[in-house]
Every structure is written in C-alpha cells, then in structure tokens.
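Engineer: The file below is my_file_26.cif, mmCIF, C-alpha atoms:
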data_work
loop_
_atom_site.group_PDB
_atom_site.id
_atom_site.type_symbol
_atom_site.label_atom_id
_atom_site.label_comp_id
_atom_site.auth_asym_id
_atom_site.auth_seq_id
_atom_site.Cartn_x
_atom_site.Cartn_y
_atom_site.Cartn_z
ATOM 1 C CA MET A 1 -20.909 -0.923 -11.925
ATOM 2 C CA THR A 2 -20.471 0.603 -15.355
ATOM 3 C CA PRO A 3 -19.488 -1.580 -18.329
ATOM 4 C CA CYS A 4 -16.348 -0.343 -20.059
ATOM 5 C CA TYR A 5 -15.455 -1.243 -23.615
ATOM 6 C CA ASN A 6 -13.360 -0.259 -26.574
ATOM 7 C CA PRO A 7 -15.647 0.746 -29.464
ATOM 8 C CA SER A 8 -12.929 0.148 -32.065
ATOM 9 C CA VAL A 9 -12.801 -3.530 -31.123
ATOM 10 C CA MET A 10 -16.088 -4.460 -29.464
ATOM 11 C CA GLY A 11 -18.478 -2.057 -31.162
ATOM 12 C CA PRO A 12 -21.186 0.064 -29.469
ATOM 13 C CA ILE A 13 -22.987 -1.533 -26.555
ATOM 14 C CA ALA A 14 -26.307 -1.117 -28.368
ATOM 15 C CA ALA A 15 -25.075 -3.022 -31.416
ATOM 16 C CA THR A 16 -26.312 -6.533 -32.091
ATOM 17 C CA LYS A 17 -23.999 -9.524 -31.736
ATOM 18 C CA HIS A 18 -23.864 -9.839 -35.517
ATOM 19 C CA GLU A 19 -22.901 -6.174 -35.944
ATOM 20 C CA ARG A 20 -20.135 -6.445 -33.350
ATOM 21 C CA GLY A 21 -18.650 -9.535 -34.914
ATOM 22 C CA PRO A 22 -17.119 -12.425 -32.967
ATOM 23 C CA PRO A 23 -15.686 -11.760 -29.481
ATOM 24 C CA ARG A 24 -12.120 -10.546 -29.699
ATOM 25 C CA VAL A 25 -9.448 -9.465 -27.230
ATOM 26 C CA GLU A 26 -6.026 -8.112 -28.181
ATOM 27 C CA VAL A 27 -2.912 -8.285 -25.957
ATOM 28 C CA ILE A 28 -0.074 -5.881 -26.802
ATOM 29 C CA GLY A 29 3.312 -5.938 -25.103
ATOM 30 C CA VAL A 30 4.810 -2.543 -24.212
ATOM 31 C CA SER A 31 8.582 -2.539 -24.648
ATOM 32 C CA GLY A 32 11.120 0.273 -24.580
ATOM 33 C CA ILE A 33 10.529 1.164 -20.930
ATOM 34 C CA PRO A 34 13.908 2.162 -19.416
ATOM 35 C CA GLU A 35 15.292 0.612 -16.240
ATOM 36 C CA VAL A 36 12.930 1.846 -13.529
ATOM 37 C CA ARG A 37 14.456 3.671 -10.582
ATOM 38 C CA PRO A 38 13.069 4.832 -7.228
ATOM 39 C CA ASP A 39 10.495 7.635 -7.532
ATOM 40 C CA ASP A 40 9.969 7.093 -11.285
ATOM 41 C CA ARG A 41 6.365 7.582 -12.419
ATOM 42 C CA VAL A 42 5.483 4.206 -13.884
ATOM 43 C CA GLY A 43 2.277 5.424 -15.534
ATOM 44 C CA GLU A 44 4.112 8.162 -17.394
ATOM 45 C CA LEU A 45 6.807 5.726 -18.551
ATOM 46 C CA ILE A 46 4.119 3.368 -19.857
ATOM 47 C CA ALA A 47 2.316 6.157 -21.698
ATOM 48 C CA GLN A 48 5.545 7.353 -23.333
ATOM 49 C CA ALA A 49 6.656 3.855 -24.358
ATOM 50 C CA SER A 50 3.251 2.920 -25.766
ATOM 51 C CA VAL A 51 3.217 6.048 -27.939
ATOM 52 C CA ALA A 52 6.805 5.464 -29.079
ATOM 53 C CA GLN A 53 5.991 1.958 -30.319
ATOM 54 C CA GLY A 54 2.847 3.092 -32.129
ATOM 55 C CA THR A 55 0.244 1.612 -29.750
ATOM 56 C CA PRO A 56 -0.835 4.523 -27.540
ATOM 57 C CA VAL A 57 -3.143 3.832 -24.618
ATOM 58 C CA GLU A 58 -6.821 3.985 -25.613
ATOM 59 C CA GLU A 59 -10.110 4.410 -23.766
ATOM 60 C CA GLY A 60 -11.169 1.199 -22.040
ATOM 61 C CA ASP A 61 -7.735 -0.460 -22.137
ATOM 62 C CA ILE A 62 -6.532 -2.606 -19.249
ATOM 63 C CA LEU A 63 -2.851 -2.233 -18.354
ATOM 64 C CA VAL A 64 -1.183 -5.296 -16.846
ATOM 65 C CA VAL A 65 1.972 -4.153 -15.052
ATOM 66 C CA THR A 66 4.514 -6.554 -13.615
ATOM 67 C CA GLN A 67 5.144 -6.161 -9.902
ATOM 68 C CA LYS A 68 8.887 -5.839 -10.354
ATOM 69 C CA ILE A 69 8.866 -2.380 -11.962
ATOM 70 C CA VAL A 70 6.374 -1.170 -9.360
ATOM 71 C CA SER A 71 8.618 -2.362 -6.536
ATOM 72 C CA LYS A 72 11.617 -0.688 -8.156
ATOM 73 C CA ALA A 73 9.774 2.628 -8.480
ATOM 74 C CA GLU A 74 8.666 2.428 -4.851
ATOM 75 C CA GLY A 75 12.160 1.638 -3.580
ATOM 76 C CA ARG A 76 11.246 -1.866 -2.437
ATOM 77 C CA LEU A 77 14.742 -3.207 -3.082
ATOM 78 C CA VAL A 78 16.936 -4.527 -0.271
ATOM 79 C CA ARG A 79 20.648 -5.321 -0.177
ATOM 80 C CA LEU A 80 21.174 -8.608 1.621
ATOM 81 C CA SER A 81 24.344 -7.192 3.161
ATOM 82 C CA THR A 82 22.125 -4.908 5.271
ATOM 83 C CA VAL A 83 20.004 -7.761 6.695
ATOM 84 C CA GLU A 84 20.775 -9.235 10.130
ATOM 85 C CA PRO A 85 19.381 -12.807 10.334
ATOM 86 C CA SER A 86 17.393 -13.790 13.400
ATOM 87 C CA PRO A 87 18.152 -17.001 15.331
ATOM 88 C CA LEU A 88 15.165 -18.664 13.604
ATOM 89 C CA ALA A 89 16.445 -17.690 10.163
ATOM 90 C CA LEU A 90 19.908 -19.006 11.046
ATOM 91 C CA ARG A 91 18.476 -22.355 12.180
ATOM 92 C CA MET A 92 16.362 -22.702 9.041
ATOM 93 C CA ALA A 93 19.314 -21.753 6.839
ATOM 94 C CA GLU A 94 21.518 -24.359 8.495
ATOM 95 C CA GLU A 95 18.943 -27.072 7.753
ATOM 96 C CA SER A 96 18.228 -26.008 4.181
ATOM 97 C CA GLY A 97 21.532 -24.560 2.993
ATOM 98 C CA ARG A 98 19.847 -21.308 1.950
ATOM 99 C CA ASP A 99 21.056 -17.777 2.622
ATOM 100 C CA PRO A 100 19.906 -16.860 6.169
ATOM 101 C CA ARG A 101 19.530 -13.204 5.165
ATOM 102 C CA LEU A 102 17.046 -14.169 2.461
ATOM 103 C CA ILE A 103 15.104 -16.337 4.885
ATOM 104 C CA GLU A 104 15.027 -13.440 7.346
ATOM 105 C CA LEU A 105 13.439 -11.172 4.731
ATOM 106 C CA VAL A 106 10.865 -13.851 3.893
ATOM 107 C CA LEU A 107 9.942 -14.101 7.575
ATOM 108 C CA ARG A 108 9.728 -10.323 7.960
ATOM 109 C CA GLU A 109 7.422 -10.007 4.959
ATOM 110 C CA SER A 110 5.043 -12.725 6.174
ATOM 111 C CA ARG A 111 2.327 -12.811 8.769
ATOM 112 C CA ALA A 112 2.148 -16.623 8.848
ATOM 113 C CA ILE A 113 4.034 -19.665 7.585
ATOM 114 C CA VAL A 114 1.528 -21.865 5.758
ATOM 115 C CA ARG A 115 3.829 -24.764 4.839
ATOM 116 C CA MET A 116 7.546 -25.360 5.055
ATOM 117 C CA ASP A 117 10.095 -27.978 4.079
ATOM 118 C CA PRO A 118 13.284 -27.067 5.965
ATOM 119 C CA VAL A 119 15.402 -29.656 4.167
ATOM 120 C CA ARG A 120 14.600 -28.293 0.688
ATOM 121 C CA GLY A 121 14.306 -24.714 1.896
ATOM 122 C CA ILE A 122 10.706 -24.318 0.703
ATOM 123 C CA LEU A 123 8.651 -21.683 2.508
ATOM 124 C CA ILE A 124 5.010 -21.068 1.615
ATOM 125 C CA THR A 125 3.857 -18.010 3.509
ATOM 126 C CA GLU A 126 0.914 -15.704 3.882
ATOM 127 C CA THR A 127 2.124 -12.188 3.230
ATOM 128 C CA ARG A 128 0.979 -9.155 5.153
ATOM 129 C CA HIS A 129 -1.335 -8.443 2.210
ATOM 130 C CA GLY A 130 -3.004 -11.858 2.534
ATOM 131 C CA PHE A 131 -1.367 -13.504 -0.500
ATOM 132 C CA VAL A 132 -0.330 -17.136 -0.108
ATOM 133 C CA CYS A 133 2.845 -17.684 -2.113
ATOM 134 C CA ALA A 134 6.431 -18.901 -1.983
ATOM 135 C CA ASN A 135 8.938 -16.819 -0.008
ATOM 136 C CA SER A 136 6.526 -13.935 0.674
ATOM 137 C CA GLY A 137 7.142 -12.687 -2.871
ATOM 138 C CA VAL A 138 10.813 -11.924 -2.118
ATOM 139 C CA ASP A 139 12.613 -12.316 -5.452
ATOM 140 C CA ALA A 140 16.123 -11.864 -6.832
ATOM 141 C CA SER A 141 15.234 -12.030 -10.551
ATOM 142 C CA ASN A 142 15.292 -8.969 -12.818
ATOM 143 C CA VAL A 143 16.935 -6.732 -10.217
ATOM 144 C CA PRO A 144 20.428 -5.207 -10.553
ATOM 145 C CA GLY A 145 23.246 -6.683 -8.483
ATOM 146 C CA ASP A 146 23.936 -10.115 -7.020
ATOM 147 C CA ASP A 147 23.220 -8.898 -3.495
ATOM 148 C CA VAL A 148 19.823 -7.261 -4.143
ATOM 149 C CA VAL A 149 16.284 -8.650 -3.874
ATOM 150 C CA SER A 150 12.884 -7.061 -4.400
ATOM 151 C CA LEU A 151 9.933 -7.063 -2.013
ATOM 152 C CA LEU A 152 6.283 -6.765 -2.942
ATOM 153 C CA PRO A 153 4.771 -3.256 -2.916
ATOM 154 C CA ILE A 154 3.458 -2.260 0.503
ATOM 155 C CA ASP A 155 -0.056 -1.617 -0.882
ATOM 156 C CA PRO A 156 -0.415 -2.964 -4.444
ATOM 157 C CA ASP A 157 -3.952 -1.596 -4.829
ATOM 158 C CA ALA A 158 -2.714 1.904 -3.988
ATOM 159 C CA SER A 159 0.138 1.366 -6.468
ATOM 160 C CA ALA A 160 -2.389 0.412 -9.167
ATOM 161 C CA ARG A 161 -4.484 3.489 -8.407
ATOM 162 C CA GLY A 162 -1.421 5.714 -8.658
ATOM 163 C CA ILE A 163 -0.395 4.259 -12.027
ATOM 164 C CA ARG A 164 -3.973 4.626 -13.284
ATOM 165 C CA GLU A 165 -4.006 8.306 -12.322
ATOM 166 C CA GLU A 166 -0.619 8.900 -13.959
ATOM 167 C CA LEU A 167 -1.915 7.279 -17.145
ATOM 168 C CA ARG A 168 -5.057 9.427 -17.020
ATOM 169 C CA ARG A 169 -2.944 12.585 -16.825
ATOM 170 C CA ALA A 170 -0.515 11.393 -19.511
ATOM 171 C CA SER A 171 -3.336 10.300 -21.872
ATOM 172 C CA PRO A 172 -6.047 12.948 -21.390
ATOM 173 C CA GLY A 173 -9.591 11.740 -21.903
ATOM 174 C CA HIS A 174 -8.682 8.064 -21.634
ATOM 175 C CA THR A 175 -9.906 6.039 -18.673
ATOM 176 C CA VAL A 176 -8.176 2.689 -18.156
ATOM 177 C CA ALA A 177 -7.986 -0.089 -15.573
ATOM 178 C CA VAL A 178 -4.733 -1.333 -14.065
ATOM 179 C CA VAL A 179 -3.767 -4.813 -12.867
ATOM 180 C CA ILE A 180 -0.450 -5.359 -11.087
ATOM 181 C CA SER A 181 0.692 -8.939 -11.602
ATOM 182 C CA ASP A 182 3.135 -11.345 -10.023
ATOM 183 C CA THR A 183 4.069 -14.981 -10.654
ATOM 184 C CA PHE A 184 2.817 -17.559 -8.147
ATOM 185 C CA GLY A 185 2.732 -21.339 -8.001
ATOM 186 C CA ARG A 186 -0.560 -23.214 -7.645
ATOM 187 C CA ALA A 187 -1.429 -25.644 -4.863
ATOM 188 C CA TRP A 188 -2.830 -28.353 -7.142
ATOM 189 C CA ARG A 189 -0.841 -27.941 -10.359
ATOM 190 C CA GLU A 190 2.761 -27.811 -11.514
ATOM 191 C CA GLY A 191 4.193 -24.695 -13.108
ATOM 192 C CA HIS A 192 3.631 -21.037 -12.377
ATOM 193 C CA ALA A 193 1.041 -18.528 -13.528
ATOM 194 C CA ASN A 194 0.556 -14.793 -13.221
ATOM 195 C CA PHE A 195 -1.950 -13.553 -10.656
ATOM 196 C CA ALA A 196 -3.324 -10.120 -9.856
ATOM 197 C CA ILE A 197 -1.890 -8.614 -6.668
ATOM 198 C CA GLY A 198 -3.231 -5.083 -7.230
ATOM 199 C CA VAL A 199 -6.303 -3.832 -9.075
ATOM 200 C CA ALA A 200 -7.668 -0.364 -9.855
ATOM 201 C CA GLY A 201 -10.618 0.764 -11.947
ATOM 202 C CA MET A 202 -12.292 -2.591 -12.520
ATOM 203 C CA ASP A 203 -14.244 -5.340 -10.793
ATOM 204 C CA PRO A 204 -11.809 -8.265 -10.339
ATOM 205 C CA PHE A 205 -14.697 -10.704 -10.912
ATOM 206 C CA LYS A 206 -17.090 -11.548 -13.707
ATOM 207 C CA ASP A 207 -20.142 -12.639 -11.719
ATOM 208 C CA TYR A 208 -22.475 -15.091 -13.422
ATOM 209 C CA ARG A 209 -24.561 -15.877 -10.342
ATOM 210 C CA GLY A 210 -28.279 -15.543 -11.067
ATOM 211 C CA THR A 211 -27.814 -15.807 -14.830
ATOM 212 C CA ARG A 212 -28.767 -18.841 -16.907
ATOM 213 C CA ASP A 213 -26.470 -21.174 -18.779
ATOM 214 C CA THR A 214 -27.091 -22.428 -22.329
ATOM 215 C CA SER A 215 -29.355 -25.155 -20.916
ATOM 216 C CA GLY A 216 -31.478 -22.664 -19.026
ATOM 217 C CA LYS A 217 -30.145 -23.619 -15.585
ATOM 218 C CA THR A 218 -29.592 -20.815 -13.088
ATOM 219 C CA LEU A 219 -25.941 -20.422 -12.099
ATOM 220 C CA LYS A 220 -25.475 -20.217 -8.333
ATOM 221 C CA VAL A 221 -21.744 -20.093 -7.568
ATOM 222 C CA THR A 222 -19.840 -19.138 -10.727
ATOM 223 C CA ARG A 223 -17.616 -16.080 -10.333
ATOM 224 C CA VAL A 224 -14.664 -15.875 -12.716
ATOM 225 C CA ALA A 225 -11.511 -14.197 -11.385
ATOM 226 C CA VAL A 226 -11.020 -12.062 -14.492
ATOM 227 C CA ALA A 227 -8.253 -9.957 -12.904
ATOM 228 C CA ASP A 228 -6.174 -13.129 -12.580
ATOM 229 C CA GLU A 229 -7.053 -14.186 -16.129
ATOM 230 C CA LEU A 230 -5.988 -10.777 -17.435
ATOM 231 C CA ALA A 231 -2.716 -11.050 -15.498
ATOM 232 C CA GLY A 232 -2.116 -14.424 -17.133
ATOM 233 C CA ALA A 233 -2.955 -13.077 -20.590
ATOM 234 C CA GLY A 234 -0.494 -10.232 -20.094
ATOM 235 C CA GLU A 235 2.303 -12.636 -19.206
ATOM 236 C CA LEU A 236 1.997 -14.268 -22.639
ATOM 237 C CA VAL A 237 3.536 -11.164 -24.220
ATOM 238 C CA MET A 238 5.645 -9.981 -21.278
ATOM 239 C CA ALA A 239 7.611 -13.105 -20.304
ATOM 240 C CA LYS A 240 10.241 -12.917 -17.589
ATOM 241 C CA ALA A 241 13.334 -12.233 -19.686
ATOM 242 C CA SER A 242 11.867 -10.296 -22.633
ATOM 243 C CA GLY A 243 12.291 -6.752 -21.311
ATOM 244 C CA THR A 244 8.558 -6.185 -21.736
ATOM 245 C CA PRO A 245 7.166 -5.439 -18.267
ATOM 246 C CA VAL A 246 3.736 -4.149 -19.345
ATOM 247 C CA ALA A 247 0.885 -5.407 -21.503
ATOM 248 C CA ILE A 248 -2.141 -3.607 -22.885
ATOM 249 C CA VAL A 249 -5.289 -5.750 -22.969
ATOM 250 C CA ARG A 250 -7.641 -4.200 -25.491
ATOM 251 C CA GLY A 251 -11.247 -5.074 -26.184
ATOM 252 C CA TYR A 252 -12.206 -6.823 -22.933
ATOM 253 C CA PRO A 253 -15.539 -5.383 -21.699
ATOM 254 C CA TYR A 254 -14.835 -5.118 -17.977
ATOM 255 C CA SER A 255 -17.039 -3.544 -15.304
ATOM 256 C CA SER A 256 -15.668 -0.502 -13.514
ATOM 257 C CA ALA A 257 -15.394 -0.595 -9.727
ATOM 258 C CA THR A 258 -13.595 1.253 -6.947
ATOM 259 C CA GLY A 259 -12.425 -1.780 -4.956
ATOM 260 C CA GLY A 260 -9.162 -3.642 -5.304
ATOM 261 C CA VAL A 261 -7.770 -7.149 -5.120
ATOM 262 C CA GLY A 262 -9.187 -7.910 -1.660
ATOM 263 C CA PRO A 263 -12.320 -9.786 -2.821
ATOM 264 C CA LEU A 264 -10.096 -12.326 -4.609
ATOM 265 C CA LEU A 265 -8.466 -13.403 -1.334
ATOM 266 C CA ARG A 266 -10.242 -16.326 0.324
ATOM 267 C CA ASP A 267 -10.818 -15.847 4.028
ATOM 268 C CA ARG A 268 -8.981 -18.346 6.198
ATOM 269 C CA SER A 269 -12.299 -19.484 7.721
ATOM 270 C CA ALA A 270 -13.446 -20.640 4.271
ATOM 271 C CA ASP A 271 -10.105 -22.165 3.266
ATOM 272 C CA LEU A 272 -10.226 -25.966 3.517
ATOM 273 C CA PHE A 273 -6.455 -26.277 2.999
ATOM 274 C CA ARG A 274 -5.163 -24.166 5.885
#
Show me this structure written as structure tokens.
Structural biologist:
Amino acid sequence: MTPCYNPSVMGPIAATKHERGPPRVEVIGVSGIPEVRPDDRVGELIAQASVAQGTPVEEGDILVVTQKIVSKAEGRLVRLSTVEPSPLALRMAEESGRDPRLIELVLRESRAIVRMDPVRGILITETRHGFVCANSGVDASNVPGDDVVSLLPIDPDASARGIREELRRASPGHTVAVVISDTFGRAWREGHANFAIGVAGMDPFKDYRGTRDTSGKTLKVTRVAVADELAGAGELVMAKASGTPVAIVRGYPYSSATGGVGPLLRDRSADLFR
C-alpha cells in the first residue's frame, strides 16, 4: 500500500515532524451541485462545483459523497405507486400502521431481518450488500415528490470507483480517493452517524497491529475504521438539509488500496449480536 498525502498541508514524507508542523486535516463542503438526475456523471459535477467555489480538487484529496446523489444518478428511485405489497408486507403494515408499499421495498432490498418491532414499525435488516441498518437504506428524504423513495446503489464500491475515474478525467494529474456515505443508527448508542458504504482508492482501515503504543506495548487488535471516520467528518459540513452533498477531506495521509468497503463488514460468524 502506498501512502498518499497532500504536500501543501502535510509536507513531504521525508520531512521531520517539526518541519511538517502539527497534524492538520481540512474538511471543505462542496455546494452548488445541481439537482442530480439519472445518468448524470457525479464526478464531473463535483469537479465543476469545486472549481466554481474556488476549492478545486487537489492531489491526495478524499471525496466524501452522500449516497443520495449517487442513487439519483444511477436511477435508484422508486415511485410507491408502482409497488405491489406482498401478503407479509400487508400484515406488517396492518400491525404497525406504516405504508405497506414501503415495507415491501424494505423486504425486497434485504437478505435478512435482523430485528423487528411490528407495533412501532421498526425494521432492522441486513441488506444484500451486507450492511445492517434500518429499513434496508430505503429513504424518502431529499428526493423529489411525496410518492418517491431512494434505494441504496446496487454496488456502492463500483459507484465509488466510477466517481473516482470521472474525477481523474475532470482533474488531470490528480489522484483522489472516494468514500460514499450514508446515515445509520448504532446498536449501542442513540443518534445517527455517517458510515462508509462504498470505498475506492484507499484502505478503509488504519492498522496499528504490530506497532507500539506510547508505553512501548505492542498493539494486537487495534484497527481504526478510517473510512467511517472520514464519512462522519464529511457530514459535519454536508448536513442533511444544507444542499451540500459532497465534502473534500484534505490533508489526511491515507494508504492507497484497490479493495472496497467489504473488509469493514463483520462476518456473521464473528458477530456476537446476531
């Protein structure tokens, strides 16, 4: 894996800690992106908007892109009026008071129901990608029309790779990483946080195993999910209702890699809660 960095922020790799200055990461929201429509090239829209606001994409940047604009570009929008609920969805809707067409979509987009509360209409599912989240990621926010919901991209890693390539063509000579983010709840904490659902161009982990801590002890299990942390950092400037669906993270020295989000997903055999 090759370390990637932004010389204007982090300094040359060969520089001493004193010469580089204190660690610093910058997060820049990208606004001015028009309403995304099917078949739009998200990477090109990002490149154009970043230039227009005076913060063009630079070498070593990480682009955090909200799932919603990716789903829009890939045509992953569904009108509820076109959905025929199954008998199971109808029964669950009768118990919970929720729209049976919405429940049907949640069931279609899942490969397993992890937890459910029929009375309150809560469905925690495992999606076909392997994500454990509420309602299989089916969401009615930030989509046009009262009868329209968005589904997660079919292959978020492939989506991230496509956006990365579009950015490479639109910003010649600049290699970046891309993280596609979505908002999930957490099993042990209240509130929501952004998580990575697609990754391209970077290792989703910072692996400290085999290194020593400040006391000289060898670390044996510590792997930090930096792709998730970057997704969370991006949300600080994106926010759900701000019209800023993309963030540039600048100055974080990530390691390049060809894999995707898969390593972040805990195998069911190692999951003590399922």
Engineer: Under the PyMOL selection byres ((chain A and resi 41) around 12), which residues of this model are included? Write them out as an NGL selection string.
Structural biologist: :A and (33-40 or 42-48 or 69-74 or 159-160 or 162-167 or 169-170)
Engineer: Could you state the separation of atom CA of Gly173 of chain A and atom CA of Asp61 of chain A in Å, given to one decimal place?
Structural biologist: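 Straight-line distance from atom CA of Gly173 of chain A to atom CA of Asp61 of chain A works out to 12.3 Å.
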Engineer: Any idea what the distance is between atom CA of Arg76 of chain A and atom CA of Ile154 of chain A?
Structural biologist: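 Calculated distance between atom CA of Arg76 of chain A and atom CA of Ile154 of chain A is 8.3 Å.
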Engineer: If the PyMOL selection byres ((chain A and resi 130) around 12) were run on this exact file, what residues would it hold? Put them as an NGL selection string.
Structural biologist: :A and (109-114 or 125-129 or 131-133 or 136-137 or 152 or 154-156 or 197-198 or 261-268)
Engineer: Near Val65 of chain A, within 8 Å and counting only C-alpha atoms, which residues show up once chain neighbours fewer than 2 positions away are dropped, as JSON, numbers by chain?
Structural biologist: {"A": [63, 67, 69, 70, 178, 179, 180, 181, 245, 246, 247]}
Engineer: In Å to one decimal, how far is atom CA of Leu88 of chain A from atom CA of Ile122 of chain A?
Structural biologist: 14.8 Å
Engineer: Counting all atoms listed in the file, which residue out of A:Ala134, A:Leu236, A:Val176, A:Ala158 sits closest to Gly251 of chain A?
Structural biologist: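 Smallest distance to Gly251 of chain A is found for A:Val176.
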Engineer: Could you expand the PyMOL selection byres ((chain A and resi 140) around 6) into the explicit residues it covers here, written as a PyMOL selection string?
Structural biologist: chain A and resi 139+141+149
